[in-house]
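A.B. asks: Dropping in final.pdb, which is PDB, C-alpha atoms and all ligand atoms:
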MODEL        1
ATOM      1  CA  MET A 781     -11.079   7.747 -12.954  1.00  0.00           C
ATOM      2  CA  THR A 782     -12.127   8.764  -9.450  1.00  0.00           C
ATOM      3  CA  ASP A 783     -15.756   9.167 -10.570  1.00  0.00           C
ATOM      4  CA  ARG A 784     -15.680   5.718 -12.151  1.00  0.00           C
ATOM      5  CA  LEU A 785     -14.283   4.199  -8.945  1.00  0.00           C
ATOM      6  CA  VAL A 786     -17.064   5.900  -6.955  1.00  0.00           C
ATOM      7  CA  ARG A 787     -19.784   4.796  -9.391  1.00  0.00           C
ATOM      8  CA  SER A 788     -18.559   1.204  -9.371  1.00  0.00           C
ATOM      9  CA  GLY A 789     -18.565   1.143  -5.559  1.00  0.00           C
ATOM     10  CA  TYR A 790     -14.792   0.767  -5.022  1.00  0.00           C
ATOM     11  CA  ILE A 791     -14.584   4.185  -3.348  1.00  0.00           C
ATOM     12  CA  ARG A 792     -17.100   4.807  -0.551  1.00  0.00           C
ATOM     13  CA  ARG A 793     -15.408   7.094   1.981  1.00  0.00           C
ATOM     14  CA  PRO A 794     -15.098  10.821   1.216  1.00  0.00           C
ATOM     15  CA  SER A 795     -11.493  10.712   2.503  1.00  0.00           C
ATOM     16  CA  VAL A 796     -10.562   8.016  -0.037  1.00  0.00           C
ATOM     17  CA  ARG A 797     -12.246   9.988  -2.849  1.00  0.00           C
ATOM     18  CA  ALA A 798     -10.371  13.134  -1.814  1.00  0.00           C
ATOM     19  CA  ALA A 799      -7.082  11.212  -1.778  1.00  0.00           C
ATOM     20  CA  PHE A 800      -7.589   9.956  -5.353  1.00  0.00           C
ATOM     21  CA  LEU A 801      -8.308  13.508  -6.452  1.00  0.00           C
ATOM     22  CA  ALA A 802      -5.194  14.817  -4.646  1.00  0.00           C
ATOM     23  CA  ALA A 803      -2.633  12.349  -6.076  1.00  0.00           C
ATOM     24  CA  PRO A 804      -2.108  12.496  -9.880  1.00  0.00           C
ATOM     25  CA  ARG A 805      -1.366   8.900 -10.992  1.00  0.00           C
ATOM     26  CA  GLU A 806       0.205  10.190 -14.226  1.00  0.00           C
ATOM     27  CA  ALA A 807       3.102  11.557 -12.163  1.00  0.00           C
ATOM     28  CA  PHE A 808       3.937   8.069 -10.864  1.00  0.00           C
ATOM     29  CA  VAL A 809       3.948   6.057 -14.108  1.00  0.00           C
ATOM     30  CA  ARG A 810       6.651   5.927 -16.802  1.00  0.00           C
ATOM     31  CA  PRO A 811       6.400   8.769 -19.381  1.00  0.00           C
ATOM     32  CA  GLU A 812       5.477   6.260 -22.121  1.00  0.00           C
ATOM     33  CA  ASP A 813       2.505   5.012 -20.038  1.00  0.00           C
ATOM     34  CA  ARG A 814       0.996   8.441 -19.214  1.00  0.00           C
ATOM     35  CA  ASP A 815      -1.873   7.989 -21.688  1.00  0.00           C
ATOM     36  CA  GLU A 816      -2.960   4.935 -19.707  1.00  0.00           C
ATOM     37  CA  ALA A 817      -2.459   6.449 -16.247  1.00  0.00           C
ATOM     38  CA  TYR A 818      -6.194   6.807 -15.586  1.00  0.00           C
ATOM     39  CA  GLN A 819      -7.170   3.336 -16.808  1.00  0.00           C
ATOM     40  CA  ASP A 820      -7.998   0.804 -14.108  1.00  0.00           C
ATOM     41  CA  VAL A 821      -5.015  -1.426 -14.867  1.00  0.00           C
ATOM     42  CA  PRO A 822      -1.631  -2.189 -13.289  1.00  0.00           C
ATOM     43  CA  LEU A 823       1.290  -0.653 -15.224  1.00  0.00           C
ATOM     44  CA  PRO A 824       5.025  -1.490 -15.307  1.00  0.00           C
ATOM     45  CA  ILE A 825       7.331   0.733 -13.229  1.00  0.00           C
ATOM     46  CA  GLY A 826      10.702  -0.961 -13.860  1.00  0.00           C
ATOM     47  CA  SER A 827      12.664  -3.639 -11.944  1.00  0.00           C
ATOM     48  CA  SER A 828       9.922  -6.133 -13.054  1.00  0.00           C
ATOM     49  CA  GLN A 829       7.443  -4.439 -10.689  1.00  0.00           C
ATOM     50  CA  THR A 830       4.061  -2.764 -11.226  1.00  0.00           C
ATOM     51  CA  ILE A 831       1.933   0.077  -9.915  1.00  0.00           C
ATOM     52  CA  SER A 832      -1.323  -1.602  -8.789  1.00  0.00           C
ATOM     53  CA  ALA A 833      -4.708  -1.105 -10.450  1.00  0.00           C
ATOM     54  CA  PRO A 834      -6.517   1.878  -8.887  1.00  0.00           C
ATOM     55  CA  SER A 835      -9.568  -0.244  -7.951  1.00  0.00           C
ATOM     56  CA  MET A 836      -7.323  -2.592  -5.946  1.00  0.00           C
ATOM     57  CA  ILE A 837      -5.766   0.324  -4.096  1.00  0.00           C
ATOM     58  CA  ALA A 838      -9.249   1.734  -3.398  1.00  0.00           C
ATOM     59  CA  ILE A 839     -10.326  -1.612  -1.910  1.00  0.00           C
ATOM     60  CA  MET A 840      -7.268  -1.627   0.372  1.00  0.00           C
ATOM     61  CA  LEU A 841      -7.771   1.978   1.495  1.00  0.00           C
ATOM     62  CA  GLU A 842     -11.444   1.287   2.257  1.00  0.00           C
ATOM     63  CA  GLU A 843     -10.580  -1.882   4.214  1.00  0.00           C
ATOM     64  CA  ALA A 844      -7.998   0.021   6.286  1.00  0.00           C
ATOM     65  CA  SER A 845     -10.599   2.554   7.619  1.00  0.00           C
ATOM     66  CA  LEU A 846      -7.846   5.146   8.067  1.00  0.00           C
ATOM     67  CA  GLU A 847      -8.352   8.378   9.989  1.00  0.00           C
ATOM     68  CA  PRO A 848      -6.273  11.592   9.775  1.00  0.00           C
ATOM     69  CA  GLY A 849      -3.246  11.427  12.076  1.00  0.00           C
ATOM     70  CA  GLU A 850      -2.966   7.627  12.095  1.00  0.00           C
ATOM     71  CA  ARG A 851       0.517   6.211  11.494  1.00  0.00           C
ATOM     72  CA  VAL A 852       0.977   3.924   8.514  1.00  0.00           C
ATOM     73  CA  LEU A 853       3.759   1.635   7.316  1.00  0.00           C
ATOM     74  CA  GLU A 854       3.459   0.765   3.636  1.00  0.00           C
ATOM     75  CA  ILE A 855       5.468  -2.247   2.498  1.00  0.00           C
ATOM     76  CA  GLY A 856       6.404  -2.069  -1.189  1.00  0.00           C
ATOM     77  CA  THR A 857       6.830   1.603  -2.168  1.00  0.00           C
ATOM     78  CA  GLY A 858       7.140   0.885  -5.908  1.00  0.00           C
ATOM     79  CA  SER A 859       6.311   4.160  -7.681  1.00  0.00           C
ATOM     80  CA  GLY A 860       5.183   5.965  -4.507  1.00  0.00           C
ATOM     81  CA  TYR A 861       1.570   6.343  -5.748  1.00  0.00           C
ATOM     82  CA  HIS A 862      -0.067   4.257  -3.018  1.00  0.00           C
ATOM     83  CA  ALA A 863       2.064   6.084  -0.424  1.00  0.00           C
ATOM     84  CA  ALA A 864       0.790   9.412  -1.799  1.00  0.00           C
ATOM     85  CA  LEU A 865      -2.815   8.257  -1.399  1.00  0.00           C
ATOM     86  CA  LEU A 866      -2.095   7.133   2.173  1.00  0.00           C
ATOM     87  CA  ALA A 867      -0.438  10.486   2.847  1.00  0.00           C
ATOM     88  CA  ALA A 868      -3.450  12.369   1.529  1.00  0.00           C
ATOM     89  CA  ILE A 869      -5.618  10.562   4.109  1.00  0.00           C
ATOM     90  CA  VAL A 870      -3.437  10.434   7.251  1.00  0.00           C
ATOM     91  CA  GLY A 871      -0.912  13.222   6.579  1.00  0.00           C
ATOM     92  CA  ALA A 872       2.437  12.803   4.823  1.00  0.00           C
ATOM     93  CA  LYS A 873       4.546  12.893   7.980  1.00  0.00           C
ATOM     94  CA  ASN A 874       2.590   9.892   9.320  1.00  0.00           C
ATOM     95  CA  VAL A 875       3.544   7.619   6.418  1.00  0.00           C
ATOM     96  CA  VAL A 876       6.697   5.538   6.134  1.00  0.00           C
ATOM     97  CA  SER A 877       7.109   3.312   3.104  1.00  0.00           C
ATOM     98  CA  ILE A 878       9.743   0.607   2.673  1.00  0.00           C
ATOM     99  CA  GLU A 879      11.039  -0.727  -0.660  1.00  0.00           C
ATOM    100  CA  ARG A 880      13.655  -3.438  -1.323  1.00  0.00           C
ATOM    101  CA  HIS A 881      14.823  -1.976  -4.671  1.00  0.00           C
ATOM    102  CA  ALA A 882      16.950   1.137  -4.075  1.00  0.00           C
ATOM    103  CA  GLY A 883      16.329   2.369  -7.650  1.00  0.00           C
ATOM    104  CA  LEU A 884      12.546   2.266  -7.224  1.00  0.00           C
ATOM    105  CA  ALA A 885      12.812   3.922  -3.804  1.00  0.00           C
ATOM    106  CA  GLY A 886      14.827   6.780  -5.313  1.00  0.00           C
ATOM    107  CA  ARG A 887      12.303   7.354  -8.115  1.00  0.00           C
ATOM    108  CA  ALA A 888       9.410   7.121  -5.644  1.00  0.00           C
ATOM    109  CA  LYS A 889      11.014   9.811  -3.472  1.00  0.00           C
ATOM    110  CA  ALA A 890      11.294  12.097  -6.504  1.00  0.00           C
ATOM    111  CA  ASN A 891       7.679  11.367  -7.545  1.00  0.00           C
ATOM    112  CA  LEU A 892       6.419  12.100  -4.026  1.00  0.00           C
ATOM    113  CA  ALA A 893       8.396  15.356  -3.827  1.00  0.00           C
ATOM    114  CA  ALA A 894       7.105  16.472  -7.237  1.00  0.00           C
ATOM    115  CA  THR A 895       3.477  15.927  -6.207  1.00  0.00           C
ATOM    116  CA  GLY A 896       3.613  17.643  -2.817  1.00  0.00           C
ATOM    117  CA  PHE A 897       4.154  14.575  -0.613  1.00  0.00           C
ATOM    118  CA  ARG A 898       7.827  15.180   0.222  1.00  0.00           C
ATOM    119  CA  GLU A 899       7.293  14.434   3.921  1.00  0.00           C
ATOM    120  CA  VAL A 900       6.542  10.746   3.281  1.00  0.00           C
ATOM    121  CA  ALA A 901       9.546   8.780   4.576  1.00  0.00           C
ATOM    122  CA  VAL A 902      10.829   6.282   1.988  1.00  0.00           C
ATOM    123  CA  VAL A 903      13.358   3.748   3.248  1.00  0.00           C
ATOM    124  CA  VAL A 904      15.225   0.913   1.537  1.00  0.00           C
ATOM    125  CA  GLY A 905      15.036  -2.444   3.253  1.00  0.00           C
ATOM    126  CA  ASP A 906      13.212  -5.722   3.779  1.00  0.00           C
ATOM    127  CA  GLY A 907       9.638  -4.908   4.699  1.00  0.00           C
ATOM    128  CA  SER A 908       8.922  -8.528   5.647  1.00  0.00           C
ATOM    129  CA  LEU A 909      10.641  -7.479   8.884  1.00  0.00           C
ATOM    130  CA  GLY A 910       8.420  -4.397   9.167  1.00  0.00           C
ATOM    131  CA  TYR A 911      10.207  -1.206  10.166  1.00  0.00           C
ATOM    132  CA  PRO A 912      10.601  -1.222  13.960  1.00  0.00           C
ATOM    133  CA  GLU A 913      12.347   2.182  13.991  1.00  0.00           C
ATOM    134  CA  ARG A 914       9.014   4.008  13.521  1.00  0.00           C
ATOM    135  CA  ALA A 915       6.639   1.524  15.245  1.00  0.00           C
ATOM    136  CA  PRO A 916       3.953   1.350  16.537  1.00  0.00           C
ATOM    137  CA  TYR A 917       1.688   1.722  13.488  1.00  0.00           C
ATOM    138  CA  ASP A 918      -2.068   2.049  13.258  1.00  0.00           C
ATOM    139  CA  CYS A 919      -1.842   0.259   9.928  1.00  0.00           C
ATOM    140  CA  VAL A 920       0.700  -1.942   8.170  1.00  0.00           C
ATOM    141  CA  MET A 921      -0.310  -2.102   4.507  1.00  0.00           C
ATOM    142  CA  ALA A 922       1.550  -4.465   2.196  1.00  0.00           C
ATOM    143  CA  THR A 923       1.390  -4.087  -1.576  1.00  0.00           C
ATOM    144  CA  ALA A 924       3.225  -7.354  -2.311  1.00  0.00           C
ATOM    145  CA  GLY A 925       1.990 -10.851  -1.515  1.00  0.00           C
ATOM    146  CA  ALA A 926       3.362 -12.964   1.349  1.00  0.00           C
ATOM    147  CA  PRO A 927       2.824 -16.678   2.067  1.00  0.00           C
ATOM    148  CA  ARG A 928       1.583 -15.777   5.583  1.00  0.00           C
ATOM    149  CA  ILE A 929       1.547 -12.716   7.840  1.00  0.00           C
ATOM    150  CA  PRO A 930       5.227 -12.261   8.766  1.00  0.00           C
ATOM    151  CA  ASP A 931       5.886 -12.735  12.520  1.00  0.00           C
ATOM    152  CA  ALA A 932       7.524  -9.291  12.698  1.00  0.00           C
ATOM    153  CA  TRP A 933       4.401  -7.283  11.794  1.00  0.00           C
ATOM    154  CA  PRO A 934       1.858  -7.844  14.631  1.00  0.00           C
ATOM    155  CA  GLY A 935       4.296  -6.667  17.327  1.00  0.00           C
ATOM    156  CA  GLN A 936       4.708  -3.350  15.458  1.00  0.00           C
ATOM    157  CA  LEU A 937       0.974  -2.576  15.594  1.00  0.00           C
ATOM    158  CA  ALA A 938      -0.622  -0.081  17.984  1.00  0.00           C
ATOM    159  CA  PRO A 939      -3.739  -1.257  19.880  1.00  0.00           C
ATOM    160  CA  ARG A 940      -6.562  -1.699  17.302  1.00  0.00           C
ATOM    161  CA  GLY A 941      -3.902  -1.475  14.593  1.00  0.00           C
ATOM    162  CA  ARG A 942      -4.664  -3.179  11.286  1.00  0.00           C
ATOM    163  CA  ILE A 943      -2.640  -5.244   8.855  1.00  0.00           C
ATOM    164  CA  VAL A 944      -3.981  -5.099   5.290  1.00  0.00           C
ATOM    165  CA  ALA A 945      -2.006  -7.512   3.127  1.00  0.00           C
ATOM    166  CA  PRO A 946      -2.287  -9.960   0.215  1.00  0.00           C
ATOM    167  CA  ILE A 947      -1.613 -13.406   1.681  1.00  0.00           C
ATOM    168  CA  GLY A 948      -1.504 -16.661  -0.282  1.00  0.00           C
ATOM    169  CA  ALA A 949       0.249 -19.963  -0.761  1.00  0.00           C
ATOM    170  CA  SER A 950       1.054 -19.085  -4.386  1.00  0.00           C
ATOM    171  CA  ALA A 951       3.618 -16.365  -5.130  1.00  0.00           C
ATOM    172  CA  HIS A 952       1.213 -14.721  -7.624  1.00  0.00           C
ATOM    173  CA  GLY A 953      -2.301 -15.230  -6.239  1.00  0.00           C
ATOM    174  CA  GLN A 954      -3.547 -14.186  -2.822  1.00  0.00           C
ATOM    175  CA  VAL A 955      -6.520 -13.154  -0.701  1.00  0.00           C
ATOM    176  CA  LEU A 956      -6.553  -9.706   0.838  1.00  0.00           C
ATOM    177  CA  VAL A 957      -6.318 -10.292   4.596  1.00  0.00           C
ATOM    178  CA  ILE A 958      -7.415  -7.708   7.148  1.00  0.00           C
ATOM    179  CA  ALA A 959      -6.039  -8.485  10.623  1.00  0.00           C
ATOM    180  CA  THR A 960      -6.864  -6.252  13.601  1.00  0.00           C
ATOM    181  CA  ARG A 961      -4.903  -6.276  16.851  1.00  0.00           C
ATOM    182  CA  GLY A 962      -7.316  -6.963  19.707  1.00  0.00           C
ATOM    183  CA  PRO A 963      -7.044  -5.734  23.310  1.00  0.00           C
ATOM    184  CA  GLU A 964      -4.824  -8.644  24.429  1.00  0.00           C
ATOM    185  CA  GLY A 965      -2.605  -8.373  21.385  1.00  0.00           C
ATOM    186  CA  ARG A 966      -4.363 -11.234  19.554  1.00  0.00           C
ATOM    187  CA  LEU A 967      -5.073 -10.766  15.835  1.00  0.00           C
ATOM    188  CA  GLU A 968      -8.662 -10.943  14.603  1.00  0.00           C
ATOM    189  CA  VAL A 969      -8.290 -12.056  10.996  1.00  0.00           C
ATOM    190  CA  ARG A 970     -10.802 -11.527   8.193  1.00  0.00           C
ATOM    191  CA  GLU A 971     -10.496 -12.409   4.515  1.00  0.00           C
ATOM    192  CA  GLY A 972     -11.465  -9.914   1.799  1.00  0.00           C
ATOM    193  CA  THR A 973     -11.201 -10.064  -1.969  1.00  0.00           C
ATOM    194  CA  PRO A 974      -9.024 -12.453  -4.018  1.00  0.00           C
ATOM    195  CA  CYS A 975      -6.125 -10.536  -5.575  1.00  0.00           C
ATOM    196  CA  ALA A 976      -2.888 -10.962  -7.526  1.00  0.00           C
ATOM    197  CA  PHE A 977       0.165  -9.036  -6.345  1.00  0.00           C
ATOM    198  CA  VAL A 978       3.853  -9.488  -7.096  1.00  0.00           C
ATOM    199  CA  PRO A 979       5.593 -11.523  -4.379  1.00  0.00           C
ATOM    200  CA  LEU A 980       6.929 -10.033  -1.148  1.00  0.00           C
ATOM    201  CA  ILE A 981      10.552 -11.150  -1.182  1.00  0.00           C
ATOM    202  CA  GLY A 982      12.359 -11.214   2.125  1.00  0.00           C
ATOM    203  CA  ALA A 983      13.533 -12.989   5.246  1.00  0.00           C
ATOM    204  CA  GLN A 984       9.958 -13.603   6.466  1.00  0.00           C
ATOM    205  CA  ALA A 985       8.314 -13.970   3.040  1.00  0.00           C
ATOM    206  CA  TRP A 986       9.268 -15.565  -0.307  1.00  0.00           C
ATOM    207  CA  PRO A 987      12.941 -16.323  -1.026  1.00  0.00           C
ATOM    208  CA  ALA A 988      14.719 -14.192  -3.660  1.00  0.00           C
TER     209      ALA A 988
HETATM  210  N1  LIG B1001       2.694   0.392  -3.865  1.00  0.00           N
HETATM  211  C1  LIG B1001       3.368   0.476  -5.138  1.00  0.00           C
HETATM  212  C2  LIG B1001       2.955   1.670  -5.952  1.00  0.00           C
HETATM  213  O1  LIG B1001       2.072   2.431  -5.530  1.00  0.00           O
HETATM  214  O2  LIG B1001       3.544   1.860  -7.036  1.00  0.00           O
HETATM  215  C3  LIG B1001       3.261  -0.786  -5.947  1.00  0.00           C
HETATM  216  C4  LIG B1001       3.943  -1.907  -5.285  1.00  0.00           C
HETATM  217  S1  LIG B1001       4.415  -3.262  -6.305  1.00  0.00           S
HETATM  218  C5  LIG B1001       2.868  -4.032  -6.596  1.00  0.00           C
HETATM  219  C6  LIG B1001       5.192  -4.215  -4.996  1.00  0.00           C
HETATM  220  C7  LIG B1001       6.489  -3.637  -4.506  1.00  0.00           C
HETATM  221  O3  LIG B1001       6.920  -4.386  -3.373  1.00  0.00           O
HETATM  222  C8  LIG B1001       7.611  -3.706  -5.517  1.00  0.00           C
HETATM  223  O4  LIG B1001       8.130  -2.425  -5.744  1.00  0.00           O
HETATM  224  C9  LIG B1001       8.638  -4.625  -4.851  1.00  0.00           C
HETATM  225  O5  LIG B1001       9.972  -4.300  -5.168  1.00  0.00           O
HETATM  226  C10 LIG B1001       8.321  -4.418  -3.392  1.00  0.00           C
HETATM  227  N2  LIG B1001       8.794  -5.468  -2.477  1.00  0.00           N
HETATM  228  C11 LIG B1001       8.777  -6.810  -2.645  1.00  0.00           C
HETATM  229  N3  LIG B1001       9.277  -7.412  -1.548  1.00  0.00           N
HETATM  230  C12 LIG B1001       9.614  -6.432  -0.667  1.00  0.00           C
HETATM  231  C13 LIG B1001      10.160  -6.413   0.640  1.00  0.00           C
HETATM  232  N4  LIG B1001      10.486  -7.526   1.316  1.00  0.00           N
HETATM  233  N5  LIG B1001      10.352  -5.217   1.244  1.00  0.00           N
HETATM  234  C14 LIG B1001      10.041  -4.060   0.607  1.00  0.00           C
HETATM  235  N6  LIG B1001       9.518  -4.026  -0.637  1.00  0.00           N
HETATM  236  C15 LIG B1001       9.297  -5.195  -1.266  1.00  0.00           C
ENDMDL
END
Would you kindly transcribe this structure into structure tokens?
C.D. replies:
Amino acid sequence: MTDRLVRSGYIRRPSVRAAFLAAPREAFVRPEDRDEAYQDVPLPIGSSQTISAPSMIAIMLEEASLEPGERVLEIGTGSGYHAALLAAIVGAKNVVSIERHAGLAGRAKANLAATGFREVAVVVGDGSLGYPERAPYDCVMATAGAPRIPDAWPGQLAPRGRIVAPIGASAHGQVLVIATRGPEGRLEVREGTPCAFVPLIGAQAWPA
């Protein structure tokens, strides 16, 4: 799978390639889906949620331009797979991931521990409010789609911090937005690829 993602141009950075090789996707999908773990497709993970397609995750990791030691908040832990990839790049203790479904968060914790990423912090809560307890972050990466960038996120960014998030007026179709905090705290916003994520449900996103 990693070779295919490199050949098709989704993976460009050596650090992203190394992360895909370090995190076994089969350990994050349901047992009945293991045969499909290395296909480039989203798969169900329970609670009506999905683990994203690997090519989409590769695009997000490339857009984030992460360096070792940077601090990352992932919003939407799901299975924990994306958090494991982030951890492989920046270091597990630098990743906090927030999930609104306690059941998914519990399974993600177990998946991360079983694959050597125990130090990733998984918390249960509403990620549309960010997670101020561990701010500032060099990157806030959302894996669920919001109608706009929630007001809470920019203030939790470090200087030159990035938000990488699916943003769109429809709950099921978005554009990947990359917003970088400039020297005066203003966001420089760029639009990347069209995408289709499950909705971000929360106080500063879509209603439940
Ligand atoms: N990153 C995940 C993975 O690697 O498996 C896939 C994430 S799935 C596409 C989106 C996740 O966002 C779901 O697990 C969903 O429950 C979660 N979510 C939706 N709204 C949320 C919110 N306000 N705060 C935290 N998590 C949220």
A.B. asks: Would you mind listing what lies within 7 Å of Ser908 (chain A) as a PyMOL selection string, with all atoms listed in the file counted and same-chain residues fewer than 6 positions away left out?
C.D. replies: chain A and resi 930+982-985
A.B. asks: How would the residues just chosen look if you wrote them out with C-alpha atoms as a short mmCIF file (atom, residue, chain, number, x, y, z; two decimals), in the frame of the given file?
C.D. replies:
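Listing of selection-v4.cif after writing:
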data_model
loop_
_atom_site.label_atom_id
_atom_site.label_comp_id
_atom_site.auth_asym_id
_atom_site.auth_seq_id
_atom_site.Cartn_x
_atom_site.Cartn_y
_atom_site.Cartn_z
CA PRO A 930 5.23 -12.26 8.77
CA GLY A 982 12.36 -11.21 2.12
CA ALA A 983 13.53 -12.99 5.25
CA GLN A 984 9.96 -13.60 6.47
CA ALA A 985 8.31 -13.97 3.04
#
A.B. asks: Have a look at A:Pro794, A:Pro987, A:Pro939, A:Pro979 and name the one nearest to ligand LIG 1001 (chain B); count all atoms listed in the file.
C.D. replies: A:Pro979
A.B. asks: Hey, which residues sit close to ligand LIG 1001 (chain B)? Say within 6 Å, counting all atoms listed in the file, and write them as a PDB file with C-alpha atoms, in the frame of the given file.
C.D. replies:
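Written out: selection_2.pdb:
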ATOM      1  CA  GLN A 829       7.443  -4.439 -10.689  1.00  0.00           C
ATOM      2  CA  THR A 830       4.061  -2.764 -11.226  1.00  0.00           C
ATOM      3  CA  ILE A 831       1.933   0.077  -9.915  1.00  0.00           C
ATOM      4  CA  SER A 832      -1.323  -1.602  -8.789  1.00  0.00           C
ATOM      5  CA  ILE A 855       5.468  -2.247   2.498  1.00  0.00           C
ATOM      6  CA  GLY A 856       6.404  -2.069  -1.189  1.00  0.00           C
ATOM      7  CA  THR A 857       6.830   1.603  -2.168  1.00  0.00           C
ATOM      8  CA  GLY A 858       7.140   0.885  -5.908  1.00  0.00           C
ATOM      9  CA  SER A 859       6.311   4.160  -7.681  1.00  0.00           C
ATOM     10  CA  GLY A 860       5.183   5.965  -4.507  1.00  0.00           C
ATOM     11  CA  TYR A 861       1.570   6.343  -5.748  1.00  0.00           C
ATOM     12  CA  HIS A 862      -0.067   4.257  -3.018  1.00  0.00           C
ATOM     13  CA  ILE A 878       9.743   0.607   2.673  1.00  0.00           C
ATOM     14  CA  GLU A 879      11.039  -0.727  -0.660  1.00  0.00           C
ATOM     15  CA  ARG A 880      13.655  -3.438  -1.323  1.00  0.00           C
ATOM     16  CA  HIS A 881      14.823  -1.976  -4.671  1.00  0.00           C
ATOM     17  CA  GLY A 905      15.036  -2.444   3.253  1.00  0.00           C
ATOM     18  CA  ASP A 906      13.212  -5.722   3.779  1.00  0.00           C
ATOM     19  CA  GLY A 907       9.638  -4.908   4.699  1.00  0.00           C
ATOM     20  CA  SER A 908       8.922  -8.528   5.647  1.00  0.00           C
ATOM     21  CA  THR A 923       1.390  -4.087  -1.576  1.00  0.00           C
ATOM     22  CA  ALA A 924       3.225  -7.354  -2.311  1.00  0.00           C
ATOM     23  CA  PHE A 977       0.165  -9.036  -6.345  1.00  0.00           C
ATOM     24  CA  VAL A 978       3.853  -9.488  -7.096  1.00  0.00           C
ATOM     25  CA  PRO A 979       5.593 -11.523  -4.379  1.00  0.00           C
ATOM     26  CA  LEU A 980       6.929 -10.033  -1.148  1.00  0.00           C
ATOM     27  CA  ILE A 981      10.552 -11.150  -1.182  1.00  0.00           C
ATOM     28  CA  GLY A 982      12.359 -11.214   2.125  1.00  0.00           C
TER      29      GLY A 982
END
A.B. asks: CA of Val821 (chain A) and CA of Trp986 (chain A) are how many Å apart?
C.D. replies: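 For CA of Val821 (chain A) relative to CA of Trp986 (chain A), the distance reads 24.8 Å.
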A.B. asks: Using only C-alpha atoms, can you tell me which of A:Val796, A:Ile958, A:Ile825, A:Ala867 comes closest to Phe808 (chain A)?
C.D. replies: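 So, comparing all the options, the nearest one is A:Ile825.
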A.B. asks: Suppose a student applies the PyMOL selection byres (((chain A and resi 901) around 6) and not hetatm) to this structure; what residues should they get, written as a list in words?
C.D. replies: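 Listing what the PyMOL selection byres (((chain A and resi 901) around 6) and not hetatm) selects in the shown file: Val876, Val900 and Val902 of chain A.
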A.B. asks: May I ask which of the residues A:Gly948, A:Pro804, A:Gly826, A:Gly962 is the closest one to Arg928 (chain A), counting all atoms listed in the file?
C.D. replies: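 Of A:Gly948, A:Pro804, A:Gly826, A:Gly962, the one nearest Arg928 (chain A), counting all atoms listed in the file, is A:Gly948.
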A.B. asks: Written as a list in words, what is the full residue list that the PyMOL selection byres (((chain A and resi 851-853) around 6) and not hetatm) yields on the file shown?
C.D. replies: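 Listing what the PyMOL selection byres (((chain A and resi 851-853) around 6) and not hetatm) selects in the shown file: Glu850, Glu854, Asn874, Val875, Val876, Ser877, Tyr917, Asp918, Cys919 and Val920 of chain A.
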A.B. asks: Identify which of the residues A:Ile791, A:Ala932, A:Ala807, A:Val786 lies closest to Ala893 (chain A), counting all atoms listed in the file when measuring atom-to-atom distances.
C.D. replies: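 Looking only at the distances to Ala893 (chain A), the closest residue turns out to be A:Ala807.
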A.B. asks: Evaluating the PyMOL selection byres (((chain A and resi 944) around 6) and not hetatm) on the displayed file yields which residues, as a PyMOL selection string?
C.D. replies: chain A and resi 921+943+945+957-958
A.B. asks: With 12 Å as the threshold, what does the neighbourhood of (7.8, 10.8, -16.6) contain in terms of residues, counting all atoms listed in the file? Coordinates are those of the file; answer as an NGL selection string.
C.D. replies: :A and (805-815 or 817 or 825 or 859 or 887-888 or 890-891 or 894)
A.B. asks: Out of A:Leu909, A:Ala922, A:Ala959, A:Leu841, which residue has the shortest atom-to-atom distance to Ile869 (chain A) when counting only C-alpha atoms?
C.D. replies: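 Smallest distance to Ile869 (chain A) is found for A:Leu841.
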A.B. asks: Pick the closest to Ala926 (chain A) from A:Pro912, A:Pro946, A:Pro824, A:Gly941: which is it, counting all atoms listed in the file?
C.D. replies: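 Once distances to Ala926 (chain A) are computed over all atoms listed in the file, the minimum belongs to A:Pro946.
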A.B. asks: Name all residues at most 10 Å from Leu801 (chain A) (count only C-alpha atoms; drop same-chain ones fewer than 5 positions away) and give them as an mmCIF file with C-alpha atoms, in the coordinates of the input.
C.D. replies:
data_model
loop_
_atom_site.group_PDB
_atom_site.id
_atom_site.type_symbol
_atom_site.label_atom_id
_atom_site.label_comp_id
_atom_site.auth_asym_id
_atom_site.auth_seq_id
_atom_site.Cartn_x
_atom_site.Cartn_y
_atom_site.Cartn_z
ATOM 1 C CA MET A 781 -11.079 7.747 -12.954
ATOM 2 C CA THR A 782 -12.127 8.764 -9.450
ATOM 3 C CA ASP A 783 -15.756 9.167 -10.570
ATOM 4 C CA SER A 795 -11.493 10.712 2.503
ATOM 5 C CA VAL A 796 -10.562 8.016 -0.037
ATOM 6 C CA LEU A 865 -2.815 8.257 -1.399
ATOM 7 C CA ALA A 868 -3.450 12.369 1.529
#
